[in-house]
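Shown below: upload.cif, with mmCIF, N, CA and C atoms.
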data_upload
#
loop_
_atom_site.label_atom_id
_atom_site.label_comp_id
_atom_site.auth_asym_id
_atom_site.auth_seq_id
_atom_site.Cartn_x
_atom_site.Cartn_y
_atom_site.Cartn_z
N MET A 15 -48.88 -26.92 -16.91
CA MET A 15 -48.10 -25.80 -17.43
C MET A 15 -46.68 -25.83 -16.90
N LYS A 16 -46.55 -26.17 -15.61
CA LYS A 16 -45.23 -26.23 -14.99
C LYS A 16 -44.35 -27.29 -15.67
N ARG A 17 -44.96 -28.45 -16.00
CA ARG A 17 -44.23 -29.52 -16.68
C ARG A 17 -43.76 -29.06 -18.06
N TYR A 18 -44.61 -28.31 -18.74
CA TYR A 18 -44.27 -27.81 -20.07
C TYR A 18 -43.04 -26.89 -20.01
N ILE A 19 -43.00 -26.02 -19.05
CA ILE A 19 -41.87 -25.09 -18.90
C ILE A 19 -40.59 -25.86 -18.56
N ILE A 20 -40.69 -26.83 -17.65
CA ILE A 20 -39.52 -27.63 -17.28
C ILE A 20 -39.02 -28.44 -18.48
N ALA A 21 -39.94 -29.04 -19.22
CA ALA A 21 -39.56 -29.83 -20.41
C ALA A 21 -38.90 -28.93 -21.46
N THR A 22 -39.41 -27.76 -21.67
CA THR A 22 -38.83 -26.81 -22.63
C THR A 22 -37.43 -26.40 -22.21
N LEU A 23 -37.25 -26.11 -20.94
CA LEU A 23 -35.91 -25.74 -20.44
C LEU A 23 -34.92 -26.88 -20.60
N LEU A 24 -35.33 -28.10 -20.32
CA LEU A 24 -34.44 -29.26 -20.49
C LEU A 24 -34.03 -29.44 -21.95
N VAL A 25 -34.96 -29.28 -22.86
CA VAL A 25 -34.65 -29.40 -24.29
C VAL A 25 -33.66 -28.33 -24.71
N LEU A 26 -33.85 -27.11 -24.25
CA LEU A 26 -32.93 -26.02 -24.59
C LEU A 26 -31.53 -26.27 -24.02
N ILE A 27 -31.44 -26.76 -22.81
CA ILE A 27 -30.14 -27.03 -22.18
C ILE A 27 -29.41 -28.13 -22.92
N VAL A 28 -30.11 -29.22 -23.23
CA VAL A 28 -29.48 -30.35 -23.92
C VAL A 28 -29.05 -29.96 -25.33
N SER A 29 -29.86 -29.22 -26.04
CA SER A 29 -29.50 -28.84 -27.41
C SER A 29 -28.37 -27.82 -27.44
N ALA A 30 -28.18 -27.05 -26.42
CA ALA A 30 -27.11 -26.06 -26.37
C ALA A 30 -25.75 -26.70 -26.12
N CYS A 31 -25.71 -27.94 -25.68
CA CYS A 31 -24.45 -28.60 -25.37
C CYS A 31 -23.73 -29.15 -26.59
N GLY A 32 -24.42 -29.36 -27.71
CA GLY A 32 -23.79 -29.93 -28.90
C GLY A 32 -22.98 -28.90 -29.67
N LYS A 33 -21.93 -29.36 -30.33
CA LYS A 33 -21.12 -28.47 -31.16
C LYS A 33 -21.69 -28.47 -32.57
N THR A 34 -21.98 -27.30 -33.08
CA THR A 34 -22.48 -27.20 -34.44
C THR A 34 -21.29 -27.01 -35.39
N PRO A 35 -21.41 -27.46 -36.63
CA PRO A 35 -20.31 -27.30 -37.56
C PRO A 35 -20.08 -25.82 -37.89
N ILE A 36 -18.90 -25.32 -37.58
CA ILE A 36 -18.61 -23.91 -37.82
C ILE A 36 -18.14 -23.66 -39.25
N ASN A 37 -17.81 -24.74 -39.97
CA ASN A 37 -17.30 -24.61 -41.33
C ASN A 37 -18.34 -24.97 -42.39
N GLY A 38 -19.59 -25.07 -42.00
CA GLY A 38 -20.65 -25.40 -42.95
C GLY A 38 -20.41 -26.74 -43.62
N ASP A 39 -20.57 -26.78 -44.94
CA ASP A 39 -20.42 -28.02 -45.70
C ASP A 39 -19.00 -28.58 -45.66
N LEU A 40 -18.01 -27.77 -45.31
CA LEU A 40 -16.63 -28.25 -45.28
C LEU A 40 -16.40 -29.27 -44.16
N ASP A 41 -17.11 -29.13 -43.05
CA ASP A 41 -16.93 -30.07 -41.95
C ASP A 41 -17.32 -31.48 -42.38
N GLY A 42 -16.51 -32.45 -41.96
CA GLY A 42 -16.80 -33.85 -42.27
C GLY A 42 -15.57 -34.54 -42.83
N ARG A 43 -15.80 -35.72 -43.38
CA ARG A 43 -14.71 -36.53 -43.94
C ARG A 43 -14.81 -36.54 -45.46
N TRP A 44 -13.70 -36.19 -46.10
CA TRP A 44 -13.62 -36.08 -47.55
C TRP A 44 -12.62 -37.07 -48.10
N GLN A 45 -13.02 -37.82 -49.12
CA GLN A 45 -12.11 -38.75 -49.79
C GLN A 45 -11.51 -38.06 -51.01
N ILE A 46 -10.17 -38.12 -51.14
CA ILE A 46 -9.51 -37.55 -52.31
C ILE A 46 -9.79 -38.46 -53.50
N MET A 47 -10.40 -37.93 -54.53
CA MET A 47 -10.70 -38.70 -55.72
C MET A 47 -9.63 -38.52 -56.80
N LYS A 48 -9.08 -37.30 -56.87
CA LYS A 48 -8.08 -37.03 -57.91
C LYS A 48 -7.20 -35.86 -57.50
N ILE A 49 -5.90 -35.98 -57.81
CA ILE A 49 -4.96 -34.88 -57.63
C ILE A 49 -4.39 -34.56 -59.00
N GLU A 50 -4.54 -33.31 -59.44
CA GLU A 50 -3.95 -32.84 -60.70
C GLU A 50 -2.84 -31.86 -60.34
N TYR A 51 -1.60 -32.25 -60.62
CA TYR A 51 -0.45 -31.40 -60.32
C TYR A 51 -0.28 -30.34 -61.40
N THR A 52 0.34 -29.22 -61.04
CA THR A 52 0.56 -28.15 -62.01
C THR A 52 1.49 -28.61 -63.13
N SER A 53 2.24 -29.67 -62.91
CA SER A 53 3.12 -30.23 -63.95
C SER A 53 2.32 -30.94 -65.04
N GLY A 54 1.02 -31.18 -64.79
CA GLY A 54 0.19 -31.89 -65.76
C GLY A 54 -0.07 -33.34 -65.39
N GLU A 55 0.68 -33.86 -64.44
CA GLU A 55 0.48 -35.23 -63.99
C GLU A 55 -0.79 -35.33 -63.15
N GLU A 56 -1.42 -36.50 -63.20
CA GLU A 56 -2.61 -36.77 -62.40
C GLU A 56 -2.39 -38.01 -61.56
N GLU A 57 -3.05 -38.05 -60.41
CA GLU A 57 -2.93 -39.18 -59.50
C GLU A 57 -4.29 -39.45 -58.87
N THR A 58 -4.59 -40.72 -58.67
CA THR A 58 -5.80 -41.12 -57.97
C THR A 58 -5.37 -41.88 -56.72
N PRO A 59 -5.30 -41.21 -55.58
CA PRO A 59 -4.82 -41.86 -54.36
C PRO A 59 -5.74 -42.97 -53.89
N GLU A 60 -5.17 -43.97 -53.28
CA GLU A 60 -5.94 -45.07 -52.69
C GLU A 60 -6.33 -44.72 -51.27
N ARG A 61 -7.58 -44.61 -51.00
CA ARG A 61 -8.14 -44.42 -49.66
C ARG A 61 -7.42 -43.36 -48.85
N ALA A 62 -7.36 -42.15 -49.38
CA ALA A 62 -6.77 -41.00 -48.69
C ALA A 62 -7.89 -40.02 -48.37
N TYR A 63 -7.86 -39.47 -47.15
CA TYR A 63 -8.97 -38.66 -46.65
C TYR A 63 -8.49 -37.39 -45.95
N TYR A 64 -9.32 -36.35 -46.04
CA TYR A 64 -9.20 -35.16 -45.21
C TYR A 64 -10.41 -35.18 -44.28
N SER A 65 -10.20 -35.02 -42.98
CA SER A 65 -11.30 -34.88 -42.03
C SER A 65 -11.20 -33.50 -41.40
N VAL A 66 -12.30 -32.76 -41.45
CA VAL A 66 -12.33 -31.37 -40.98
C VAL A 66 -13.37 -31.23 -39.88
N ALA A 67 -12.96 -30.64 -38.75
CA ALA A 67 -13.88 -30.34 -37.65
C ALA A 67 -13.32 -29.16 -36.88
N LEU A 68 -14.18 -28.17 -36.65
CA LEU A 68 -13.78 -26.95 -35.96
C LEU A 68 -12.55 -26.34 -36.64
N HIS A 69 -11.43 -26.21 -35.95
CA HIS A 69 -10.22 -25.63 -36.55
C HIS A 69 -9.13 -26.68 -36.74
N THR A 70 -9.54 -27.94 -36.84
CA THR A 70 -8.59 -29.04 -36.93
C THR A 70 -8.79 -29.80 -38.24
N ILE A 71 -7.68 -30.23 -38.83
CA ILE A 71 -7.74 -31.06 -40.02
C ILE A 71 -6.88 -32.29 -39.78
N ASN A 72 -7.40 -33.44 -40.20
CA ASN A 72 -6.67 -34.69 -40.08
C ASN A 72 -6.56 -35.29 -41.48
N LEU A 73 -5.34 -35.60 -41.89
CA LEU A 73 -5.09 -36.24 -43.17
C LEU A 73 -4.76 -37.69 -42.88
N MET A 74 -5.49 -38.62 -43.52
CA MET A 74 -5.29 -40.02 -43.22
C MET A 74 -5.29 -40.85 -44.49
N GLN A 75 -4.36 -41.78 -44.57
CA GLN A 75 -4.32 -42.73 -45.66
C GLN A 75 -4.39 -44.12 -45.04
N VAL A 76 -5.40 -44.90 -45.41
CA VAL A 76 -5.59 -46.22 -44.84
C VAL A 76 -4.35 -47.07 -45.15
N GLY A 77 -3.79 -47.67 -44.11
CA GLY A 77 -2.58 -48.46 -44.26
C GLY A 77 -1.33 -47.61 -44.38
N GLY A 78 -1.47 -46.31 -44.23
CA GLY A 78 -0.34 -45.40 -44.36
C GLY A 78 -0.24 -44.46 -43.18
N THR A 79 -0.08 -43.22 -43.49
CA THR A 79 0.20 -42.21 -42.48
C THR A 79 -1.06 -41.44 -42.07
N SER A 80 -0.99 -40.82 -40.91
CA SER A 80 -2.04 -39.94 -40.43
C SER A 80 -1.36 -38.68 -39.91
N GLN A 81 -1.82 -37.52 -40.36
CA GLN A 81 -1.23 -36.24 -39.99
C GLN A 81 -2.34 -35.33 -39.47
N THR A 82 -2.06 -34.60 -38.40
CA THR A 82 -3.04 -33.69 -37.84
C THR A 82 -2.46 -32.28 -37.79
N GLY A 83 -3.30 -31.31 -38.12
CA GLY A 83 -2.86 -29.93 -38.10
C GLY A 83 -4.01 -28.98 -37.83
N ASN A 84 -3.72 -27.71 -38.00
CA ASN A 84 -4.70 -26.65 -37.79
C ASN A 84 -5.13 -26.10 -39.14
N MET A 85 -6.33 -25.55 -39.18
CA MET A 85 -6.80 -24.94 -40.42
C MET A 85 -7.70 -23.76 -40.13
N GLU A 86 -7.75 -22.89 -41.13
CA GLU A 86 -8.65 -21.74 -41.07
C GLU A 86 -9.39 -21.66 -42.39
N TYR A 87 -10.71 -21.63 -42.31
CA TYR A 87 -11.56 -21.59 -43.50
C TYR A 87 -12.30 -20.27 -43.53
N THR A 88 -12.17 -19.55 -44.65
CA THR A 88 -12.81 -18.24 -44.75
C THR A 88 -13.90 -18.17 -45.81
N GLY A 89 -14.28 -19.29 -46.39
CA GLY A 89 -15.32 -19.30 -47.41
C GLY A 89 -14.76 -19.48 -48.80
N ASP A 90 -13.75 -18.68 -49.17
CA ASP A 90 -13.14 -18.84 -50.49
C ASP A 90 -11.71 -19.37 -50.41
N SER A 91 -11.20 -19.56 -49.18
CA SER A 91 -9.86 -20.12 -49.04
C SER A 91 -9.76 -20.97 -47.78
N LEU A 92 -8.81 -21.90 -47.84
CA LEU A 92 -8.54 -22.80 -46.72
C LEU A 92 -7.04 -22.75 -46.48
N PHE A 93 -6.64 -22.37 -45.28
CA PHE A 93 -5.24 -22.28 -44.91
C PHE A 93 -4.94 -23.41 -43.93
N VAL A 94 -4.01 -24.30 -44.31
CA VAL A 94 -3.68 -25.48 -43.52
C VAL A 94 -2.26 -25.36 -42.99
N VAL A 95 -2.09 -25.61 -41.69
CA VAL A 95 -0.77 -25.60 -41.05
C VAL A 95 -0.56 -26.96 -40.40
N MET A 96 0.49 -27.65 -40.80
CA MET A 96 0.81 -28.99 -40.29
C MET A 96 2.13 -28.90 -39.53
N PRO A 97 2.13 -28.45 -38.28
CA PRO A 97 3.37 -28.11 -37.57
C PRO A 97 4.28 -29.29 -37.23
N ILE A 98 3.73 -30.49 -37.08
CA ILE A 98 4.59 -31.61 -36.70
C ILE A 98 4.76 -32.62 -37.84
N SER A 99 4.37 -32.26 -39.03
CA SER A 99 4.50 -33.14 -40.19
C SER A 99 5.74 -32.80 -41.00
N THR A 100 6.18 -33.76 -41.78
CA THR A 100 7.24 -33.50 -42.74
C THR A 100 6.61 -33.38 -44.12
N VAL A 101 7.27 -32.68 -45.00
CA VAL A 101 6.76 -32.49 -46.36
C VAL A 101 6.58 -33.85 -47.05
N GLU A 102 7.49 -34.78 -46.82
CA GLU A 102 7.39 -36.10 -47.43
C GLU A 102 6.10 -36.81 -47.03
N ASN A 103 5.66 -36.61 -45.79
CA ASN A 103 4.42 -37.24 -45.33
C ASN A 103 3.18 -36.54 -45.87
N LEU A 104 3.33 -35.34 -46.39
CA LEU A 104 2.19 -34.58 -46.91
C LEU A 104 1.99 -34.77 -48.41
N PHE A 105 3.01 -35.22 -49.13
CA PHE A 105 2.90 -35.42 -50.58
C PHE A 105 1.70 -36.28 -50.99
N PRO A 106 1.41 -37.40 -50.30
CA PRO A 106 0.26 -38.23 -50.72
C PRO A 106 -1.09 -37.52 -50.64
N PHE A 107 -1.12 -36.36 -49.98
CA PHE A 107 -2.37 -35.62 -49.81
C PHE A 107 -2.43 -34.37 -50.69
N GLY A 108 -1.51 -34.26 -51.65
CA GLY A 108 -1.51 -33.12 -52.56
C GLY A 108 -1.00 -31.85 -51.94
N ILE A 109 -0.15 -31.97 -50.93
CA ILE A 109 0.41 -30.81 -50.21
C ILE A 109 1.93 -30.88 -50.32
N ASN A 110 2.56 -29.75 -50.64
CA ASN A 110 4.02 -29.75 -50.82
C ASN A 110 4.77 -28.88 -49.82
N ARG A 111 4.11 -28.44 -48.75
CA ARG A 111 4.79 -27.72 -47.67
C ARG A 111 3.92 -27.79 -46.41
N THR A 112 4.51 -27.47 -45.28
CA THR A 112 3.79 -27.61 -44.01
C THR A 112 2.78 -26.48 -43.77
N GLU A 113 2.84 -25.41 -44.55
CA GLU A 113 1.82 -24.36 -44.52
C GLU A 113 1.31 -24.19 -45.95
N GLN A 114 0.06 -24.55 -46.17
CA GLN A 114 -0.49 -24.57 -47.53
C GLN A 114 -1.79 -23.78 -47.59
N ARG A 115 -1.90 -22.91 -48.58
CA ARG A 115 -3.14 -22.17 -48.80
C ARG A 115 -3.82 -22.73 -50.04
N PHE A 116 -5.11 -23.05 -49.89
CA PHE A 116 -5.92 -23.54 -51.00
C PHE A 116 -7.02 -22.54 -51.31
N GLY A 117 -7.31 -22.39 -52.58
CA GLY A 117 -8.53 -21.71 -52.98
C GLY A 117 -9.65 -22.73 -52.98
N VAL A 118 -10.81 -22.38 -52.46
CA VAL A 118 -11.96 -23.28 -52.48
C VAL A 118 -12.72 -22.99 -53.76
N LYS A 119 -12.53 -23.85 -54.77
CA LYS A 119 -13.13 -23.63 -56.08
C LYS A 119 -14.57 -24.10 -56.14
N GLU A 120 -14.89 -25.16 -55.40
CA GLU A 120 -16.25 -25.67 -55.35
C GLU A 120 -16.47 -26.35 -54.01
N LEU A 121 -17.61 -26.10 -53.40
CA LEU A 121 -17.96 -26.76 -52.14
C LEU A 121 -19.47 -26.93 -52.08
N THR A 122 -19.89 -28.19 -52.09
CA THR A 122 -21.29 -28.54 -51.84
C THR A 122 -21.30 -29.57 -50.72
N SER A 123 -22.45 -30.06 -50.40
CA SER A 123 -22.53 -31.06 -49.33
C SER A 123 -21.90 -32.39 -49.74
N LYS A 124 -21.60 -32.59 -51.04
CA LYS A 124 -21.05 -33.87 -51.51
C LYS A 124 -19.76 -33.74 -52.31
N HIS A 125 -19.38 -32.54 -52.73
CA HIS A 125 -18.24 -32.36 -53.64
C HIS A 125 -17.40 -31.17 -53.21
N LEU A 126 -16.07 -31.34 -53.27
CA LEU A 126 -15.13 -30.28 -52.88
C LEU A 126 -13.99 -30.24 -53.88
N VAL A 127 -13.61 -29.04 -54.31
CA VAL A 127 -12.44 -28.85 -55.16
C VAL A 127 -11.57 -27.77 -54.53
N LEU A 128 -10.31 -28.14 -54.25
CA LEU A 128 -9.33 -27.21 -53.70
C LEU A 128 -8.23 -26.99 -54.72
N GLN A 129 -7.70 -25.75 -54.80
CA GLN A 129 -6.64 -25.41 -55.74
C GLN A 129 -5.53 -24.68 -55.00
N SER A 130 -4.30 -25.18 -55.15
CA SER A 130 -3.14 -24.48 -54.62
C SER A 130 -2.20 -24.19 -55.78
N ASP A 131 -1.06 -23.59 -55.48
CA ASP A 131 -0.08 -23.35 -56.54
C ASP A 131 0.65 -24.65 -56.91
N TYR A 132 0.37 -25.73 -56.20
CA TYR A 132 1.02 -27.03 -56.41
C TYR A 132 0.11 -28.04 -57.09
N ALA A 133 -1.18 -28.05 -56.70
CA ALA A 133 -2.09 -29.07 -57.22
C ALA A 133 -3.55 -28.66 -57.08
N ARG A 134 -4.37 -29.33 -57.85
CA ARG A 134 -5.83 -29.21 -57.77
C ARG A 134 -6.35 -30.54 -57.22
N LEU A 135 -7.14 -30.49 -56.15
CA LEU A 135 -7.62 -31.70 -55.50
C LEU A 135 -9.14 -31.77 -55.60
N GLU A 136 -9.63 -32.95 -56.00
CA GLU A 136 -11.07 -33.18 -56.06
C GLU A 136 -11.45 -34.22 -55.00
N PHE A 137 -12.51 -33.94 -54.26
CA PHE A 137 -12.97 -34.78 -53.17
C PHE A 137 -14.44 -35.14 -53.32
N ARG A 138 -14.81 -36.22 -52.66
CA ARG A 138 -16.23 -36.52 -52.45
C ARG A 138 -16.44 -36.69 -50.96
N LYS A 139 -17.61 -36.34 -50.49
CA LYS A 139 -17.92 -36.50 -49.07
C LYS A 139 -18.06 -37.97 -48.78
N PHE A 140 -17.40 -38.43 -47.76
CA PHE A 140 -17.38 -39.86 -47.43
C PHE A 140 -18.34 -40.13 -46.30
#

Rewritten as structure tokens:
Amino acid sequence: MKRYIIATLLVLIVSACGKTPINGDLDGRWQIMKIEYTSGEEETPERAYYSVALHTINLMQVGGTSQTGNMEYTGDSLFVVMPISTVENLFPFGINRTEQRFGVKELTSKHLVLQSDYARLEFRKF
């Protein structure tokens, strides 16, 4: 019985140390599949990703730039702040300013659609 109690306590201690995803399905790495601009133009970026964990977002383009910022997710909106980025570095990710608010139009474990006043972005979970 004593071994059972000790084993149970160890399992509880070890499992309490891990960080659980606070953003639900949004947490993880998302590949941008399509950007539809409000002007009507469409773009399919090459290997561009959003990575979300806790209150941090990382925008990365393979062979290109990597930008890190803060984000707040409320379920129906995503507010992104990129304090050390330039707007020019954010254009490849469908963002046209260093503080961008997106509406979360669709979010499942495999598919994400974000909408801003600048563009509509479609993602797949990578």

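What the PyMOL selection byres ((chain A and resi 52) around 7) matches in the given file is Glu50, Tyr51, Ser53, Gly54, Glu55, Asp131, Tyr132, Ala133 and Arg134 of chain A.
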
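Proximity to Val94 in chain A was assessed for A:Arg138, A:Arg111, A:Lys119, A:Arg61 counting only N, CA and C atoms; the smallest distance is recorded for A:Arg111.
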
**Asked** If you count only C-alpha atoms, which residues fall within 8 Å of range 63-75 of chain A, apart from same-chain ones fewer than 3 positions away, as a VMD selection string?
**Response** chain A and resid 35 to 37 40 to 46 60 78 to 86 94 107

Could you turn the residues from that selection into a file that holds N, CA and C atoms, as an mmCIF file, keeping the file's coordinate frame?
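Saved the output as again-v2.cif:
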data_model
loop_
_atom_site.group_PDB
_atom_site.id
_atom_site.type_symbol
_atom_site.label_atom_id
_atom_site.label_comp_id
_atom_site.auth_asym_id
_atom_site.auth_seq_id
_atom_site.Cartn_x
_atom_site.Cartn_y
_atom_site.Cartn_z
ATOM 1 N N PRO A 35 -21.410 -27.460 -36.630
ATOM 2 C CA PRO A 35 -20.310 -27.300 -37.560
ATOM 3 C C PRO A 35 -20.080 -25.820 -37.890
ATOM 4 N N ILE A 36 -18.900 -25.320 -37.580
ATOM 5 C CA ILE A 36 -18.610 -23.910 -37.820
ATOM 6 C C ILE A 36 -18.140 -23.660 -39.250
ATOM 7 N N ASN A 37 -17.810 -24.740 -39.970
ATOM 8 C CA ASN A 37 -17.300 -24.610 -41.330
ATOM 9 C C ASN A 37 -18.340 -24.970 -42.390
ATOM 10 N N LEU A 40 -18.010 -27.770 -45.310
ATOM 11 C CA LEU A 40 -16.630 -28.250 -45.280
ATOM 12 C C LEU A 40 -16.400 -29.270 -44.160
ATOM 13 N N ASP A 41 -17.110 -29.130 -43.050
ATOM 14 C CA ASP A 41 -16.930 -30.070 -41.950
ATOM 15 C C ASP A 41 -17.320 -31.480 -42.380
ATOM 16 N N GLY A 42 -16.510 -32.450 -41.960
ATOM 17 C CA GLY A 42 -16.800 -33.850 -42.270
ATOM 18 C C GLY A 42 -15.570 -34.540 -42.830
ATOM 19 N N ARG A 43 -15.800 -35.720 -43.380
ATOM 20 C CA ARG A 43 -14.710 -36.530 -43.940
ATOM 21 C C ARG A 43 -14.810 -36.540 -45.460
ATOM 22 N N TRP A 44 -13.700 -36.190 -46.100
ATOM 23 C CA TRP A 44 -13.620 -36.080 -47.550
ATOM 24 C C TRP A 44 -12.620 -37.070 -48.100
ATOM 25 N N GLN A 45 -13.020 -37.820 -49.120
ATOM 26 C CA GLN A 45 -12.110 -38.750 -49.790
ATOM 27 C C GLN A 45 -11.510 -38.060 -51.010
ATOM 28 N N ILE A 46 -10.170 -38.120 -51.140
ATOM 29 C CA ILE A 46 -9.510 -37.550 -52.310
ATOM 30 C C ILE A 46 -9.790 -38.460 -53.500
ATOM 31 N N GLU A 60 -5.170 -43.970 -53.280
ATOM 32 C CA GLU A 60 -5.940 -45.070 -52.690
ATOM 33 C C GLU A 60 -6.330 -44.720 -51.270
ATOM 34 N N GLY A 78 -1.470 -46.310 -44.230
ATOM 35 C CA GLY A 78 -0.340 -45.400 -44.360
ATOM 36 C C GLY A 78 -0.240 -44.460 -43.180
ATOM 37 N N THR A 79 -0.080 -43.220 -43.490
ATOM 38 C CA THR A 79 0.200 -42.210 -42.480
ATOM 39 C C THR A 79 -1.060 -41.440 -42.070
ATOM 40 N N SER A 80 -0.990 -40.820 -40.910
ATOM 41 C CA SER A 80 -2.040 -39.940 -40.430
ATOM 42 C C SER A 80 -1.360 -38.680 -39.910
ATOM 43 N N GLN A 81 -1.820 -37.520 -40.360
ATOM 44 C CA GLN A 81 -1.230 -36.240 -39.990
ATOM 45 C C GLN A 81 -2.340 -35.330 -39.470
ATOM 46 N N THR A 82 -2.060 -34.600 -38.400
ATOM 47 C CA THR A 82 -3.040 -33.690 -37.840
ATOM 48 C C THR A 82 -2.460 -32.280 -37.790
ATOM 49 N N GLY A 83 -3.300 -31.310 -38.120
ATOM 50 C CA GLY A 83 -2.860 -29.930 -38.100
ATOM 51 C C GLY A 83 -4.010 -28.980 -37.830
ATOM 52 N N ASN A 84 -3.720 -27.710 -38.000
ATOM 53 C CA ASN A 84 -4.700 -26.650 -37.790
ATOM 54 C C ASN A 84 -5.130 -26.100 -39.140
ATOM 55 N N MET A 85 -6.330 -25.550 -39.180
ATOM 56 C CA MET A 85 -6.800 -24.940 -40.420
ATOM 57 C C MET A 85 -7.700 -23.760 -40.130
ATOM 58 N N GLU A 86 -7.750 -22.890 -41.130
ATOM 59 C CA GLU A 86 -8.650 -21.740 -41.070
ATOM 60 C C GLU A 86 -9.390 -21.660 -42.390
ATOM 61 N N VAL A 94 -4.010 -24.300 -44.310
ATOM 62 C CA VAL A 94 -3.680 -25.480 -43.520
ATOM 63 C C VAL A 94 -2.260 -25.360 -42.990
ATOM 64 N N PHE A 107 -1.120 -36.360 -49.980
ATOM 65 C CA PHE A 107 -2.370 -35.620 -49.810
ATOM 66 C C PHE A 107 -2.430 -34.370 -50.690
#

As AutoDock Vina command-line options: centre and edge lengths in Å, one decimal, of the axis-aligned box holding range 89-104 of chain A with 8 Å per side:
--center_x -3.9 --center_y -28.0 --center_z -43.6 --size_x 38.8 --size_y 34.6 --size_z 29.8

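The residue that comes closest to Glu136 in chain A, out of A:Thr112, A:Met47, A:Pro59, A:Ser99 and on the basis of all atoms listed in the file, is A:Met47.
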
**Request:** State, in Å with one decimal place, the distance from CA of Phe105 in chain A to CA of His125 in chain A.
**Result:** 21.6 Å

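The space between atom C of Phe93 in chain A and atom N of Pro106 in chain A spans 16.6 Å.
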